[in-house]
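Chemist: Let me begin by handing over the structure; questions about it come next.
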Amino acid sequence: MILWINGEFGSGKTTCAFELNRRLPDSFVYDPENIGYFLQRNTPVSKNDFQDYEEWRVFNLALLRRINSEFSGTIIVPMTVVEPRYFDELIRPLIDELGARHFILYASRETLLKRLNRRLERGNTWAKARIDRCVSAFDSVIVGEKIITDNLTIDAVVEEIAKRSGLELAPDTRSVTRKKFDRAVTLIKHIRR
């Protein structure tokens with residue numbers, strides 16, 4: 001099963017993905033950004049957004065199809081996709097052909113700004129500059145199972161995704177301190193812009 005976790009920057013996609021991975025036996029987090037960064041570093045003409053490379057969409061779709069055919073567990077994909085054509089080229093085939101579940105973690109602009117500031121994104125950052133575009137896309141053109149995260153904890157979002165997907169989570173036996181530490185490490189490892 002593929003779980004695509006879409007949403008605005010700061011909505012909790014990556015944190016939820018790794019929390020799901022910790023609690024779902026036989027699961028794997030697939031990061032489409034890795035192909036994007038590869039393309040940006042290995043082509044003479046760099047694009048501002050790696051999703052604009054047709055190869056990014058083609059390679060990720062091909063690789064997710066292959067992993068899905070060879071891996072019997074749950075593949076968790078945290079990635080914001082708001083361009084309708086890119087959604088149709090990458091996520092729609094996964095839904096139609098492989099039965100992927102597409103979740104949209106959604107929050108208000110104010111909540112997103114608070115979250116991005118908490119992760120030390122001060123000033124007008126790349127992620128902040130894209131909030132309005134993301135909110136607009138998720139309000140009107142990108143379809144999926146929306147989870148409003150403004151007043152939900154990460155644990156509640158993870159449990160909601162699992163429930164809607166028919167997946168049983170292993171108990172989380174970590175202490176509060178360990179959980180905070182694990183989430184901080186995930187955040188630090190995935191801040192790229």
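Identifiers in this document derive from the order of the structure tokens: chains are assigned A, B, ..., residues are numbered from 1 separately in each chain, and ligands are numbered from 1 in order of occurrence.
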With the cut-off set at 12 Å and counting only C-alpha atoms, tabulate each residue of range 136-172 of chain A with an atom at most that distance from an atom of range 71-75 of chain A, showing the nearest atom pair and its distance in Å to one decimal, ordered by chain and increasing number, as a Markdown table.

Modeler:
| residue | atom | partner | partner_atom | distance |
| --- | --- | --- | --- | --- |
| A:Ala162 | CA | A:Thr74 | CA | 10.9 |
| A:Ser165 | CA | A:Thr74 | CA | 10.5 |
| A:Gly166 | CA | A:Thr74 | CA | 11.6 |
| A:Leu167 | CA | A:Thr74 | CA | 9.3 |
| A:Glu168 | CA | A:Thr74 | CA | 11.5 |
| A:Leu169 | CA | A:Thr74 | CA | 11.7 |

Chemist: Would you write out those residues with C-alpha atoms, as a compact mmCIF listing (two decimals), in the first residue's frame?

Modeler:
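Contents of selection35.txt, as written:
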# COMPACT_ATOMS: atom_id res chain seq x y z
CA ALA A 162 -3.98 4.70 9.90
CA SER A 165 -6.28 3.36 5.59
CA GLY A 166 -7.37 0.32 7.58
CA LEU A 167 -3.91 -0.08 9.10
CA GLU A 168 -3.18 -1.19 12.65
CA LEU A 169 -0.50 0.80 14.44

Chemist: Please run DSSP on the backbone and report, as number ranges by chain, all residues within range 31-192 of chain A that come out as strand (DSSP E or B).

Modeler: A: 74-78, 101-106, 145-148

Chemist: Using only C-alpha atoms, which residues sit within 8 Å of Leu112 in chain A once same-chain residues fewer than 4 positions away are excluded, as JSON, numbers by chain?

Modeler: {"A": [8, 9, 10, 11, 107, 108, 116, 131]}

Chemist: Need the shell around Thr153 in chain A: protein/DNA/RNA residues with any atom at most 10 Å away, counting only C-alpha atoms. Skip same-chain ones fewer than 6 positions apart. Format as a PyMOL selection string?

Modeler: chain A and resi 12+16+159

Chemist: Between A:Arg183, A:Lys128, A:Lys146, A:Arg101, which one has atoms that come closest to Arg22 in chain A, using only C-alpha atoms?

Modeler: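 Closest residue, counting only C-alpha atoms: A:Arg183.
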
Chemist: From range 107-138 of chain A, collect each residue whose DSSP state is alpha helix (DSSP H) and return the set as a PyMOL selection string.

Modeler: chain A and resi 109-118+131-138

Chemist: Counting only C-alpha atoms, which residues in range 56-79 of chain A sit no more than 8 Å from range 86-96 of chain A? For each one, give the nearest pair of atoms and the distance in Å, sorted by chain then residue number, as a Markdown table.

Modeler:
| residue | atom | partner | partner_atom | distance |
| --- | --- | --- | --- | --- |
| A:Arg57 | CA | A:Leu90 | CA | 5.8 |
| A:Val58 | CA | A:Leu90 | CA | 7.4 |
| A:Asn60 | CA | A:Leu90 | CA | 7.6 |
| A:Leu61 | CA | A:Leu90 | CA | 5.7 |
| A:Arg65 | CA | A:Leu94 | CA | 7.7 |

Chemist: Just the residues within 10 Å of Asp52 in chain A, please, counting only C-alpha atoms, with nothing from its chain fewer than 3 positions along; format it as number ranges by chain.

Modeler: A: 36, 47-49, 55-57, 83, 86

Chemist: Between A:Arg164, A:Ser46, A:Phe18, A:Leu105, single out the one closest to Asn151 in chain A, counting only C-alpha atoms.

Modeler: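 For Asn151 in chain A, the nearest of the given residues is A:Leu105.
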
Chemist: I'd like to know which of A:Ile104, A:Leu64, A:Val176, A:Ile76 is closest to Phe138 in chain A, using only C-alpha atoms.

Modeler: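 So, comparing all the options, the nearest one is A:Ile104.
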
Chemist: Have a look at CA of Arg133 in chain A and CA of Ala184 in chain A and let me know their distance in Å, one decimal.

Modeler: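 Separation of CA of Arg133 in chain A and CA of Ala184 in chain A: 27.1 Å.
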
Chemist: In Å, with one decimal, what is the gap from CA of Ala156 in chain A to CA of His102 in chain A?

Modeler: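 Separating CA of Ala156 in chain A from CA of His102 in chain A is a distance of 17.4 Å.
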